[in-house]
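Chemist: Data file run16.csv (CSV, C-alpha atoms) is appended below.
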chain,number,residue,atom,x,y,z
A,1,MET,CA,-61.4,-80.1,-82.4
A,2,THR,CA,-65.0,-80.1,-83.6
A,3,SER,CA,-67.2,-82.2,-81.4
A,4,SER,CA,-69.3,-85.1,-82.8
A,5,GLU,CA,-72.5,-83.3,-81.8
A,6,GLU,CA,-71.8,-80.6,-84.4
A,7,THR,CA,-71.7,-83.3,-87.2
A,8,PRO,CA,-75.1,-85.1,-87.4
A,9,SER,CA,-73.9,-87.3,-90.2
A,10,PHE,CA,-70.7,-88.5,-91.8
A,11,ARG,CA,-69.9,-88.3,-95.5
A,12,LEU,CA,-67.3,-90.7,-96.9
A,13,ALA,CA,-66.0,-90.2,-100.4
A,14,TYR,CA,-64.6,-93.3,-102.3
A,15,VAL,CA,-63.0,-93.8,-105.6
A,16,PRO,CA,-63.9,-96.5,-108.2
A,17,GLY,CA,-62.8,-100.0,-107.3
A,18,VAL,CA,-62.7,-99.3,-103.5
A,19,THR,CA,-65.4,-101.3,-101.6
A,20,PRO,CA,-66.1,-99.7,-98.3
A,21,GLY,CA,-69.1,-102.0,-97.5
A,22,LYS,CA,-67.5,-103.8,-94.6
A,23,TRP,CA,-66.4,-100.6,-92.8
A,24,VAL,CA,-69.9,-99.0,-93.4
A,25,ARG,CA,-71.6,-102.0,-91.8
A,26,ILE,CA,-69.3,-101.7,-88.7
A,27,TRP,CA,-70.0,-98.0,-88.6
A,28,ASN,CA,-73.8,-98.6,-88.6
A,29,GLU,CA,-73.4,-101.1,-85.8
A,30,ARG,CA,-71.4,-98.9,-83.6
A,31,LEU,CA,-73.0,-95.5,-84.4
A,32,PRO,CA,-76.6,-96.2,-85.4
A,33,GLY,CA,-77.6,-92.6,-84.6
A,34,VAL,CA,-75.0,-91.1,-87.1
A,35,PRO,CA,-75.9,-91.9,-90.7
A,36,LEU,CA,-73.0,-92.5,-93.0
A,37,THR,CA,-73.4,-91.2,-96.6
A,38,LEU,CA,-71.2,-92.5,-99.4
A,39,VAL,CA,-70.0,-90.0,-102.0
A,40,GLY,CA,-68.6,-91.5,-105.2
A,41,VAL,CA,-65.8,-89.5,-106.7
A,42,SER,CA,-63.2,-90.1,-109.4
A,43,ALA,CA,-59.6,-90.7,-108.4
A,44,ALA,CA,-58.6,-87.3,-109.9
A,45,GLU,CA,-61.4,-85.4,-108.0
A,46,ALA,CA,-60.8,-87.1,-104.6
A,47,SER,CA,-58.4,-84.5,-103.0
A,48,ASP,CA,-60.4,-81.5,-104.3
A,49,ALA,CA,-63.6,-83.1,-102.9
A,50,LEU,CA,-62.0,-83.3,-99.4
A,51,ARG,CA,-60.6,-79.8,-99.5
A,52,GLY,CA,-63.9,-78.5,-100.7
A,53,ARG,CA,-65.7,-80.2,-97.8
A,54,ALA,CA,-67.8,-82.4,-100.1
A,55,ALA,CA,-67.0,-85.2,-97.7
A,56,ASP,CA,-65.6,-85.6,-94.1
A,57,ALA,CA,-63.1,-88.3,-95.2
A,58,GLY,CA,-62.3,-90.3,-98.3
A,59,LEU,CA,-60.9,-93.6,-99.5
A,60,VAL,CA,-58.5,-92.4,-102.2
A,61,ARG,CA,-55.7,-93.7,-104.4
A,62,LEU,CA,-52.2,-92.5,-103.8
A,63,PRO,CA,-50.4,-90.4,-104.8
A,64,ILE,CA,-52.7,-87.4,-104.3
A,65,ASP,CA,-52.1,-83.7,-103.7
A,66,ARG,CA,-51.5,-83.7,-100.0
A,67,THR,CA,-51.9,-80.0,-99.5
A,68,ALA,CA,-53.9,-79.6,-96.2
A,69,LEU,CA,-54.7,-83.3,-96.2
A,70,SER,CA,-53.7,-86.1,-93.9
A,71,ALA,CA,-53.6,-89.6,-95.2
A,72,ILE,CA,-53.2,-93.1,-93.7
A,73,PRO,CA,-52.2,-95.8,-96.2
A,74,LEU,CA,-54.4,-98.9,-95.9
A,75,TYR,CA,-53.4,-101.4,-98.5
A,76,ALA,CA,-51.8,-101.9,-101.9
A,77,GLU,CA,-53.5,-103.7,-104.8
A,78,THR,CA,-52.2,-106.3,-107.2
A,79,THR,CA,-51.8,-104.9,-110.7
A,80,VAL,CA,-53.3,-107.0,-113.5
A,81,VAL,CA,-53.5,-107.0,-117.3
A,82,VAL,CA,-57.0,-107.3,-118.8
A,83,ILE,CA,-57.0,-109.6,-121.8
A,84,PRO,CA,-59.6,-111.5,-124.0
A,85,LYS,CA,-60.3,-115.0,-122.7
A,86,ASP,CA,-58.9,-116.5,-125.9
A,87,HIS,CA,-55.6,-114.5,-125.7
A,88,VAL,CA,-52.4,-116.5,-125.5
A,89,MET,CA,-51.6,-114.9,-122.1
A,90,ALA,CA,-54.7,-116.5,-120.6
A,91,ALA,CA,-52.7,-119.8,-120.5
A,92,VAL,CA,-50.2,-118.5,-118.0
A,93,ASP,CA,-50.5,-117.6,-114.2
A,94,GLU,CA,-48.8,-114.1,-114.5
A,95,VAL,CA,-47.5,-111.8,-117.1
A,96,PRO,CA,-44.2,-109.8,-116.6
A,97,ALA,CA,-44.3,-106.3,-118.0
A,98,ALA,CA,-41.7,-107.1,-120.6
A,99,ASP,CA,-44.0,-109.7,-122.1
A,100,LEU,CA,-46.4,-106.8,-123.1
A,101,ALA,CA,-43.7,-105.1,-125.3
A,102,ASP,CA,-45.3,-106.2,-128.6
A,103,ASP,CA,-48.9,-105.5,-127.6
A,104,ILE,CA,-50.9,-102.3,-127.7
A,105,VAL,CA,-51.4,-101.3,-124.1
A,106,LEU,CA,-54.2,-98.8,-123.6
A,107,HIS,CA,-53.6,-95.8,-121.4
A,108,PRO,CA,-56.9,-94.2,-120.3
A,109,LEU,CA,-57.0,-90.6,-119.1
A,110,ASP,CA,-58.1,-91.7,-115.7
A,111,ASP,CA,-55.2,-94.2,-115.2
A,112,VAL,CA,-54.3,-94.5,-111.5
A,113,LEU,CA,-50.9,-96.3,-111.9
A,114,ASP,CA,-47.7,-94.3,-111.5
A,115,TRP,CA,-45.6,-95.6,-114.3
A,116,GLN,CA,-42.0,-94.7,-115.0
A,117,ASP,CA,-41.7,-96.8,-118.2
A,118,ARG,CA,-45.1,-97.8,-119.5
A,119,PRO,CA,-45.1,-101.2,-121.2
A,120,GLY,CA,-46.3,-102.1,-124.6
A,121,ARG,CA,-47.0,-99.9,-127.6
A,122,PRO,CA,-49.3,-96.9,-127.3
A,123,ALA,CA,-52.6,-96.7,-129.0
A,124,ASN,CA,-53.4,-93.9,-131.5
A,125,GLU,CA,-55.7,-92.3,-129.0
A,126,ARG,CA,-56.1,-92.5,-125.2
A,127,PRO,CA,-59.5,-93.7,-124.0
A,128,ALA,CA,-61.3,-91.2,-121.8
A,129,THR,CA,-62.0,-93.7,-119.0
A,130,THR,CA,-61.1,-97.1,-117.8
A,131,ALA,CA,-64.6,-98.3,-118.7
A,132,ASP,CA,-64.0,-97.2,-122.3
A,133,ALA,CA,-60.6,-99.0,-122.3
A,134,VAL,CA,-62.2,-102.2,-121.2
A,135,GLU,CA,-64.6,-102.0,-124.1
A,136,LEU,CA,-61.7,-101.6,-126.5
A,137,VAL,CA,-60.0,-104.7,-125.0
A,138,ALA,CA,-63.2,-106.6,-125.7
A,139,ALA,CA,-63.1,-105.3,-129.3
A,140,GLY,CA,-59.5,-106.6,-129.7
A,141,VAL,CA,-57.9,-103.1,-130.0
A,142,GLY,CA,-55.4,-103.6,-127.2
A,143,LEU,CA,-54.7,-104.7,-123.6
A,144,LEU,CA,-55.2,-102.8,-120.3
A,145,VAL,CA,-53.1,-102.7,-117.1
A,146,VAL,CA,-55.1,-101.7,-114.1
A,147,PRO,CA,-55.4,-102.4,-110.3
A,148,GLN,CA,-57.2,-105.7,-109.8
A,149,SER,CA,-60.3,-104.0,-108.2
A,150,LEU,CA,-60.9,-102.0,-111.4
A,151,ALA,CA,-60.7,-105.2,-113.4
A,152,ARG,CA,-63.3,-106.7,-111.2
A,153,LEU,CA,-65.4,-103.6,-111.3
A,154,HIS,CA,-65.6,-103.6,-115.1
A,155,HIS,CA,-65.8,-107.4,-115.4
A,156,ARG,CA,-67.0,-108.9,-118.7
A,157,LYS,CA,-67.7,-112.6,-119.4
A,158,ASP,CA,-65.5,-112.4,-122.5
A,159,LEU,CA,-62.5,-111.0,-120.6
A,160,THR,CA,-60.1,-112.2,-118.0
A,161,TYR,CA,-57.0,-110.9,-116.3
A,162,ARG,CA,-53.6,-112.0,-115.1
A,163,PRO,CA,-51.2,-110.4,-112.4
A,164,VAL,CA,-48.3,-108.3,-113.6
A,165,PRO,CA,-45.8,-108.8,-110.8
A,166,ASP,CA,-43.3,-106.1,-111.7
A,167,ALA,CA,-45.9,-103.3,-112.4
A,168,PRO,CA,-46.4,-100.5,-110.0
A,169,GLU,CA,-49.1,-101.1,-107.4
A,170,SER,CA,-52.0,-98.8,-106.6
A,171,ARG,CA,-52.1,-97.9,-102.9
A,172,VAL,CA,-55.4,-97.0,-101.2
A,173,ALA,CA,-55.5,-94.6,-98.3
A,174,LEU,CA,-57.9,-92.9,-95.9
A,175,SER,CA,-57.6,-89.1,-96.2
A,176,TRP,CA,-59.2,-86.1,-94.6
A,177,LEU,CA,-58.5,-82.4,-93.9
A,178,GLU,CA,-55.7,-82.3,-91.4
A,179,ASP,CA,-57.2,-79.4,-89.5
A,180,GLU,CA,-60.6,-81.1,-89.1
A,181,THR,CA,-59.8,-84.4,-87.4
A,182,THR,CA,-63.2,-84.7,-85.7
A,183,ASP,CA,-64.4,-87.3,-83.3
A,184,LEU,CA,-66.2,-89.0,-86.1
A,185,VAL,CA,-63.1,-89.0,-88.3
A,186,GLU,CA,-61.2,-90.6,-85.4
A,187,GLU,CA,-64.0,-93.2,-85.1
A,188,PHE,CA,-63.7,-94.1,-88.8
A,189,ILE,CA,-59.9,-94.3,-88.5
A,190,GLY,CA,-60.4,-96.8,-85.7
A,191,ILE,CA,-62.8,-98.9,-87.8
A,192,VAL,CA,-60.5,-99.1,-90.9
A,193,ARG,CA,-57.5,-99.9,-88.6
A,194,GLY,CA,-59.5,-102.8,-87.0
A,195,ARG,CA,-59.9,-101.3,-83.5
A,196,THR,CA,-62.5,-103.0,-81.4
A,197,VAL,CA,-65.5,-101.2,-80.0
A,198,ASN,CA,-63.8,-101.2,-76.5
A,199,SER,CA,-60.6,-99.5,-77.8
A,200,THR,CA,-59.5,-96.6,-75.8
A,201,ARG,CA,-58.9,-94.6,-79.0
A,202,GLY,CA,-61.7,-93.3,-81.3
A,203,ARG,CA,-65.2,-92.8,-79.9
A,204,PRO,CA,-65.2,-92.5,-76.1
A,205,LYS,CA,-66.5,-95.7,-74.5
A,206,THR,CA,-68.5,-96.0,-71.3
A,207,PRO,CA,-66.0,-96.0,-68.4
A,208,ALA,CA,-65.6,-99.4,-66.7
A,209,GLN,CA,-66.6,-99.6,-63.0
A,210,PRO,CA,-63.5,-99.3,-60.8
A,211,LYS,CA,-62.3,-102.6,-59.3
A,212,GLY,CA,-62.7,-101.2,-55.8
A,213,GLU,CA,-66.3,-100.5,-56.4
A,214,ARG,CA,-66.9,-103.9,-57.8
A,215,ALA,CA,-65.2,-105.4,-54.7
A,216,GLU,CA,-67.3,-103.4,-52.4
A,217,THR,CA,-70.5,-104.4,-54.3
A,218,GLY,CA,-69.4,-108.0,-54.1
A,219,GLY,CA,-68.8,-107.7,-50.4
A,220,ALA,CA,-72.3,-106.2,-49.9
A,221,ARG,CA,-73.8,-109.2,-51.7
A,222,ARG,CA,-72.0,-111.6,-49.5
A,223,LYS,CA,-72.7,-109.9,-46.2
A,224,PRO,CA,-76.5,-110.8,-46.1
A,225,ALA,CA,-75.5,-114.4,-46.6
A,226,ALA,CA,-73.0,-114.2,-43.8
A,227,GLY,CA,-75.7,-112.5,-41.7
A,228,ARG,CA,-78.2,-115.2,-42.4
A,229,THR,CA,-75.7,-117.9,-41.5
A,230,ALA,CA,-74.9,-116.1,-38.3
A,231,GLY,CA,-78.5,-115.5,-37.5
A,232,LYS,CA,-79.3,-119.2,-38.0
A,233,SER,CA,-76.5,-120.3,-35.8
A,234,GLY,CA,-77.2,-117.6,-33.3
A,235,GLY,CA,-80.8,-118.4,-33.1
A,236,LYS,CA,-80.1,-122.1,-32.4
A,237,SER,CA,-77.6,-121.2,-29.8
A,238,GLY,CA,-80.0,-118.7,-28.2
A,239,GLY,CA,-82.8,-121.2,-28.3
A,240,LYS,CA,-80.7,-123.7,-26.4
A,241,SER,CA,-79.5,-121.3,-23.8
A,242,GLY,CA,-82.6,-119.1,-23.4
A,243,GLY,CA,-85.2,-121.8,-23.8
A,244,LYS,CA,-85.7,-125.1,-22.0
A,245,ASN,CA,-82.7,-127.2,-21.5
A,246,PRO,CA,-83.8,-130.7,-22.5
A,247,ARG,CA,-81.4,-132.3,-20.0
A,248,SER,CA,-82.2,-130.0,-17.1
A,249,GLY,CA,-85.9,-130.4,-17.9
A,250,SER,CA,-85.7,-134.2,-17.7
A,251,ALA,CA,-83.8,-134.1,-14.4
A,252,GLY,CA,-86.3,-131.8,-12.9
A,253,ALA,CA,-89.2,-134.1,-13.8
A,254,LYS,CA,-87.5,-137.0,-12.2
A,255,ALA,CA,-86.8,-135.0,-9.1
A,256,ALA,CA,-90.4,-134.0,-8.9
A,257,LYS,CA,-91.5,-137.7,-9.1
A,258,ARG,CA,-89.0,-138.6,-6.3
A,259,GLY,CA,-90.3,-135.8,-4.1
A,260,LYS,CA,-94.0,-136.8,-4.4
A,261,PRO,CA,-95.2,-138.9,-1.4
A,262,ARG,CA,-96.3,-142.4,-2.0
A,263,ARG,CA,-99.9,-143.3,-1.3
A,264,ARG,CA,-100.3,-146.0,1.4
A,265,PRO,CA,-102.4,-149.0,0.6
Can the structure from this file be put into structure tokens for me?

Modeler:
Amino acid sequence: MTSSEETPSFRLAYVPGVTPGKWVRIWNERLPGVPLTLVGVSAAEASDALRGRAADAGLVRLPIDRTALSAIPLYAETTVVVIPKDHVMAAVDEVPAADLADDIVLHPLDDVLDWQDRPGRPANERPATTADAVELVAAGVGLLVVPQSLARLHHRKDLTYRPVPDAPESRVALSWLEDETTDLVEEFIGIVRGRTVNSTRGRPKTPAQPKGERAETGGARRKPAAGRTAGKSGGKSGGKSGGKNPRSGSAGAKAAKRGKPRRRP
């Protein structure tokens, strides 16, 4: 496995709609000495970018060509239909796919949904990109079914969207070359999976001090206090036995007075 010292930086590819900001912030907090560079790629280019080593790992949309790649599914997105704000469907909470049967539903060339039976009527031409399809929706040419993150990415004030509950979902995954699972890749896997900084997996943490050593250290701290206590009590005891005995001193003084002859008048 390649050591983290051989990789001075970490390159993370991500496809449109995916927002890696939270994970990047955590990375910067945990590994301030290892810069993370974001590499934007299209959904269709993501797997080739990883195999071509344009990035160390990538946030991709499934399915992808898994040749030589490992992938960990992270989450699935809600699928929505993008419509004009004054469209009749804007009055409902969700739109079943069957309700799109009479509408033109645009199918951009960069579509990321894996349809078996695409709803609606096809347009005369397929838009080149999702962004182009959104412009056509605004122009009243047709509707567009996409993952919710892409609807937000291409948001327009004159458009809105509604969930399509029975449409296929887009799944987002973390992917990397299976033969290059470096320490930094393991670190990022830990971050996206929510591992804490003290997790035993991912980047090695500073070993905790053994309990035995802590106990010995604690005992060493207590011994001087015990010694001081013993010294105080021992000093008092020694002073009483080795110094003057108040009682014996008083008796001796009285005896000396009794032994002194009286002066005659």

Chemist: Quick one, how far is CA of Gly33 (chain A) from CA of Arg51 (chain A)?

Modeler: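 The value is 26.0 Å.
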
Chemist: In file coordinates, which residues lie within 9 Å of (-48.3, -108.6, -123.5) using all atoms listed in the file, given as a list of chain:residue names?

Modeler: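 Residues satisfying the cut-off, written out: A:Val81, A:Ile83, A:Met89, A:Val95, A:Pro96, A:Ala97, A:Ala98, A:Asp99, A:Leu100, A:Ala101, A:Asp102, A:Asp103, A:Ile104, A:Val105, A:Pro119, A:Gly120, A:Leu143.
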
Chemist: Ranking A:Arg171, A:Arg25, A:Arg30, A:Arg118 by minimum distance to Leu62 (chain A) and counting all atoms listed in the file, which one comes first?

Modeler: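 For Leu62 (chain A), the nearest of the candidates is A:Arg171.
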
Chemist: When you draw a straight line from CA of His154 (chain A) to CA of Leu136 (chain A), how long is it in Å?

Modeler: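 Between these atoms lies a distance of 12.2 Å.
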
Chemist: Work out how far apart CA of Ala133 (chain A) and CA of Val39 (chain A) are and give it in Å to one decimal.

Modeler: 24.1 Å

Chemist: Please complete region 38-68 of chain A with N, CA and C atoms and give it back as a compact mmCIF listing (two decimals), keeping the file's coordinate frame.

Modeler:
# COMPACT_ATOMS: atom_id res chain seq x y z
N LEU A 38 -72.34 -92.27 -98.49
CA LEU A 38 -71.20 -92.50 -99.40
C LEU A 38 -71.30 -91.53 -100.57
N VAL A 39 -70.13 -91.00 -100.91
CA VAL A 39 -70.00 -90.00 -102.00
C VAL A 39 -69.01 -90.55 -103.01
N GLY A 40 -69.49 -90.97 -104.17
CA GLY A 40 -68.60 -91.50 -105.20
C GLY A 40 -67.88 -90.35 -105.93
N VAL A 41 -66.56 -90.46 -106.04
CA VAL A 41 -65.80 -89.50 -106.70
C VAL A 41 -64.73 -90.18 -107.61
N SER A 42 -64.26 -89.51 -108.64
CA SER A 42 -63.20 -90.10 -109.40
C SER A 42 -61.86 -89.95 -108.68
N ALA A 43 -60.88 -90.73 -109.07
CA ALA A 43 -59.60 -90.70 -108.40
C ALA A 43 -58.96 -89.28 -108.52
N ALA A 44 -59.16 -88.63 -109.66
CA ALA A 44 -58.60 -87.30 -109.90
C ALA A 44 -59.29 -86.23 -109.05
N GLU A 45 -60.57 -86.44 -108.73
CA GLU A 45 -61.40 -85.40 -108.00
C GLU A 45 -61.30 -85.61 -106.49
N ALA A 46 -60.73 -86.71 -106.01
CA ALA A 46 -60.80 -87.10 -104.60
C ALA A 46 -60.26 -85.98 -103.68
N SER A 47 -59.06 -85.52 -103.93
CA SER A 47 -58.40 -84.50 -103.00
C SER A 47 -59.19 -83.22 -103.05
N ASP A 48 -59.67 -82.78 -104.22
CA ASP A 48 -60.40 -81.50 -104.30
C ASP A 48 -61.77 -81.67 -103.54
N ALA A 49 -62.37 -82.85 -103.60
CA ALA A 49 -63.60 -83.10 -102.90
C ALA A 49 -63.43 -82.94 -101.38
N LEU A 50 -62.31 -83.41 -100.87
CA LEU A 50 -62.00 -83.30 -99.40
C LEU A 50 -61.73 -81.87 -99.04
N ARG A 51 -60.90 -81.21 -99.83
CA ARG A 51 -60.60 -79.80 -99.50
C ARG A 51 -61.80 -78.90 -99.65
N GLY A 52 -62.71 -79.27 -100.55
CA GLY A 52 -63.90 -78.50 -100.70
C GLY A 52 -65.03 -78.89 -99.76
N ARG A 53 -64.73 -79.81 -98.83
CA ARG A 53 -65.70 -80.20 -97.80
C ARG A 53 -66.91 -80.90 -98.37
N ALA A 54 -66.76 -81.56 -99.52
CA ALA A 54 -67.80 -82.40 -100.10
C ALA A 54 -67.96 -83.69 -99.30
N ALA A 55 -66.94 -84.01 -98.51
CA ALA A 55 -67.00 -85.20 -97.70
C ALA A 55 -66.09 -84.97 -96.46
N ASP A 56 -66.37 -85.72 -95.38
CA ASP A 56 -65.60 -85.60 -94.10
C ASP A 56 -64.29 -86.37 -94.21
N ALA A 57 -64.29 -87.44 -94.98
CA ALA A 57 -63.10 -88.30 -95.20
C ALA A 57 -63.27 -89.00 -96.50
N GLY A 58 -62.20 -89.58 -97.00
CA GLY A 58 -62.30 -90.30 -98.30
C GLY A 58 -61.34 -91.43 -98.40
N LEU A 59 -61.78 -92.46 -99.10
CA LEU A 59 -60.90 -93.60 -99.50
C LEU A 59 -60.39 -93.27 -100.87
N VAL A 60 -59.10 -92.96 -100.95
CA VAL A 60 -58.50 -92.40 -102.20
C VAL A 60 -57.36 -93.31 -102.62
N ARG A 61 -56.88 -93.02 -103.83
CA ARG A 61 -55.70 -93.70 -104.40
C ARG A 61 -54.50 -92.78 -104.30
N LEU A 62 -53.40 -93.30 -103.81
CA LEU A 62 -52.20 -92.50 -103.80
C LEU A 62 -51.42 -92.70 -105.09
N PRO A 63 -50.64 -91.70 -105.48
CA PRO A 63 -50.40 -90.40 -104.80
C PRO A 63 -51.55 -89.43 -105.04
N ILE A 64 -51.80 -88.53 -104.08
CA ILE A 64 -52.70 -87.40 -104.30
C ILE A 64 -52.03 -86.14 -103.83
N ASP A 65 -52.64 -85.04 -104.19
CA ASP A 65 -52.10 -83.70 -103.70
C ASP A 65 -52.41 -83.66 -102.24
N ARG A 66 -51.34 -83.68 -101.42
CA ARG A 66 -51.50 -83.70 -100.00
C ARG A 66 -51.64 -82.35 -99.32
N THR A 67 -51.81 -81.31 -100.10
CA THR A 67 -51.90 -80.00 -99.50
C THR A 67 -53.14 -79.94 -98.57
N ALA A 68 -52.87 -79.67 -97.29
CA ALA A 68 -53.90 -79.60 -96.20
C ALA A 68 -54.56 -80.87 -95.90
